[in-house]
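J.: This is the structure I want to talk about, given as structure tokens.
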Amino acid sequence: MLTVKNLHASVDGKAILKGINLEVNPGEIHAIMGPNGSGKSTLANVLAGRDNYEVTSGEVIFQDQDLLEMEPEIRAREGVFLAFQYPVEIPGVSNLYLLKAAINSIKKHRGEEELDAMSFLKLIKEKAALVEMKQEFLYRAVNEGFSGGEKKRNEILQMALLEPHLSILDETDSGLDIDALKIVAHGVNTLRNENRSMLVVTHYQRLLDYIVPDYVHVLAHGQIIRSGDKSLALELEAKGYGWIEDHASAA
Amino acid sequence: MQVQPDIMVAPGTQPYLDQFKQLSDNLPGQGVDWLQSSRKNNLARFGKNGFPTQKDEDWRYTPLKPVTGKSFNLLSAPDFGVVPADVQSQPALKSISGLDCHRLVFVDGVLNMSMSDISGLDQNVSVRSLSAVLADDPGSIRDLLGSIVGESCHGFAALNGALHQDGLVVMLEQGAVLSKPLEVVYASNQELSLVQPRSLIVMGKGSKAQIIERTVSLSDSNSLLNSITEVMLDEQSELDYYLIQEQSRASYQVSGVWARQKRSSRFSCHTVTFGGGLVRNDLRSEMTGPGAHCDMLGVYSLSGKQHVDNHTTMIHGAAECTSNELYKGVLDERSRGVFHGRIKVEKDAQKTDAQQSNNTLLLSRDAEIDTKPQLEIYADDVKCSHGATIGQLDETSMFYLRSRGIDPEAARSMLTYAFVNDVLGQIKIEPLRDYLEAALGEQLIREQ
């Protein structure tokens, strides 16, 4: 599904990622953990194709294609989805309008028939129920005046609608209370299947109680310093990031 | 009729002084002495003062050379003849889909009855051409026509005063309601035509109306439309006035809407500018009675070398009046926008509430906006605010939309559209709003 080889990237000339290697197979959930400033969000944004992140070396292969060659919208149509850490408010554009434009651009890319208004509405109402989003939110401007939890649920709603092959969740748990966290996790788990992969970027282990990963990687100073299964997350929670960083520099 | 020969005339005015000599016998209002003397006074002032220049603070950001350097020709009724059938079927003259309205169409300044329909007007409402009123009952408008514009106006208004053609006279008696909107279309057709409509809207006490003024081009000709509409709102009357500017980019337009409002009247003026090479809108309201309210809302979406100058004057002349101005523009390529918003609060206009804002989205490095608030406040218990923002499309929003699979072009027009849509959203006539939203969408896509 996804192969990241020796990926280096910088932001405003400052090197952030310093040689990331990662292999994600279909159906797997990988958690990327790490202290603030370790490069977690940079990795997520580089994979989604954000402009001001410059890849200086390395390669990323997604479903046998060079991901880094693709524009952000092409990545999305090929099945990459980034759930934003800070979802953007867009006054004047209704949520429904964005969702319809998004699903139809993806359907068109896949050579499928675009949805008409009726079948789109039916589909979106189904998906909204999955993340317990009230219908009025569909008619409001994208994320405008949404609470932190509502914004994150809206991200998962988009993900549920677009049915990506690879979902990247960038600190989806930040700013969520426990109820919202459960709703979001339920949405994510419903989408889980043997063909879909996920990269779950998080600072805290808490989210991983609800979205159980197959692998956990610890990112520090732009490199993956340790990989393991879900027990690594629990160990980190107990001992803190200091423990593993000391460990890594000692090794 | 004799015109005193002027030895010294202001630059650019001579062609019009000559046309006055040739055409004045064919202009509306023959034999109406008060009008003839008003025409002559205006002509004398125009000949003396000429067109405004950029040295004049009110015209500082609008270069008029393209207009004043040409000589436009006023077409008068006898020369004009019949509008050919192919003109009548032009898409620019099509009605707005779903809009049930009364309609008057002027081509090159002359009323075209075959394309107009004002049958079934409501009781106590009269809609007539200015020339018809001047022929039948000139006394009914003697004290009204020109009463707001007065004699201290700029050169374009003086030129209109001297050489105006036909126009519209709408009168609503006390309590009358125009149940359908009235659409007035000014179409320019012939090369270098000068079109000078002159209109009067008289709203009786408690009357209500919606009027749409559209300017369109039937060809790519260089034409100049120089219009004046005077609006009188009696107590508690309400008028929504829409100025929809869709003419060709080869054309020039100077539009004046001059309103005077009595106690508790409400005047809303919406300006939507998509077309025109050089457009200047002079929008004024003088609130002379307490509790009056005036909205001036504007949207402009420009590209190429289009230049649009919205010049508003809001005069709070009585207590407890409120005004609200919101202008939003999208400027692409080398286009240029000007917003000059003057608010004057007179000494006795306590409890005034005046808000003004101008927000501009610049889509290109070469586009330019000059925005200038001008507040003159002589009362001490007032609330006045003004603000201007200038920005580019938000990069983060662009990435957000693209990361959902949306084309950069579509994302760009979505965000641009969203930027101005709250102003269009305030248009109360639904078919007109739909029409303008679609027109804006098309324009933004075309500009990609």
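Residues are named by chain letter and number: chains run A, B, ... in the order of the structure tokens, numbers start at 1 in each chain, and ligands are numbered from 1 in the order shown.
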Could you list, as JSON, numbers by chain, every residue of chain B that has an atom within 7 Å of an atom of chain A, counting only C-alpha atoms?
T.: {"B": [397, 399, 400, 402, 403, 404, 405, 406, 407, 418, 419, 421]}
J.: Would you export the selected residues with C-alpha atoms as a CSV table (one decimal), in the first residue's frame, please?
T.:
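Listed below is the output, out03.csv:
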```
chain,number,residue,atom,x,y,z
B,397,SER,CA,-8.3,26.8,2.6
B,399,PHE,CA,-5.0,23.0,0.3
B,400,TYR,CA,-7.9,21.8,2.4
B,402,ARG,CA,-7.6,20.2,-2.9
B,403,SER,CA,-6.9,17.5,-0.3
B,404,ARG,CA,-10.5,16.6,-0.8
B,405,GLY,CA,-10.0,15.9,-4.5
B,406,ILE,CA,-11.2,19.3,-5.7
B,407,ASP,CA,-9.4,20.9,-8.7
B,418,ALA,CA,-17.9,32.4,-1.1
B,419,PHE,CA,-16.1,35.7,-0.4
B,421,ASN,CA,-21.7,35.6,-1.7
```
J.: Neighbours of Lys40 (chain B) within 12 Å (only C-alpha atoms; same-chain residues fewer than 3 positions away dropped), as a list in words?
T.: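 The residues satisfying every condition are Met1, Gln2, Val3, Gln4, Leu17, Phe20, Lys21, Ser24, Asp33, Trp34, Leu35, Gln36, Ser37, Leu43, Ala44, Arg45, Phe46, Gly47, Glu151, Ala158, Leu159, Asn160, Gly161, Ala162, Leu163 and His164 of chain B.
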J.: Hey, what's within 7 Å of Val272 (chain B) if we count only C-alpha atoms and toss same-chain stuff fewer than 6 positions away? As a list in words, please?
T.: Leu243, Ile244, Gln245, Gly298, Val299 and Tyr300 of chain B
J.: If DSSP is run on the backbone, what residues of region 122-251 of chain A are strand (DSSP E)? A reply as a count of residues only would be ideal.
T.: 25
J.: I want to know what sits within 7 Å of Thr215 (chain B), based on only C-alpha atoms, with residues of the same chain fewer than 5 positions away left out; could you give that as a ChimeraX atom specification?
T.: /B:185-187,244-247
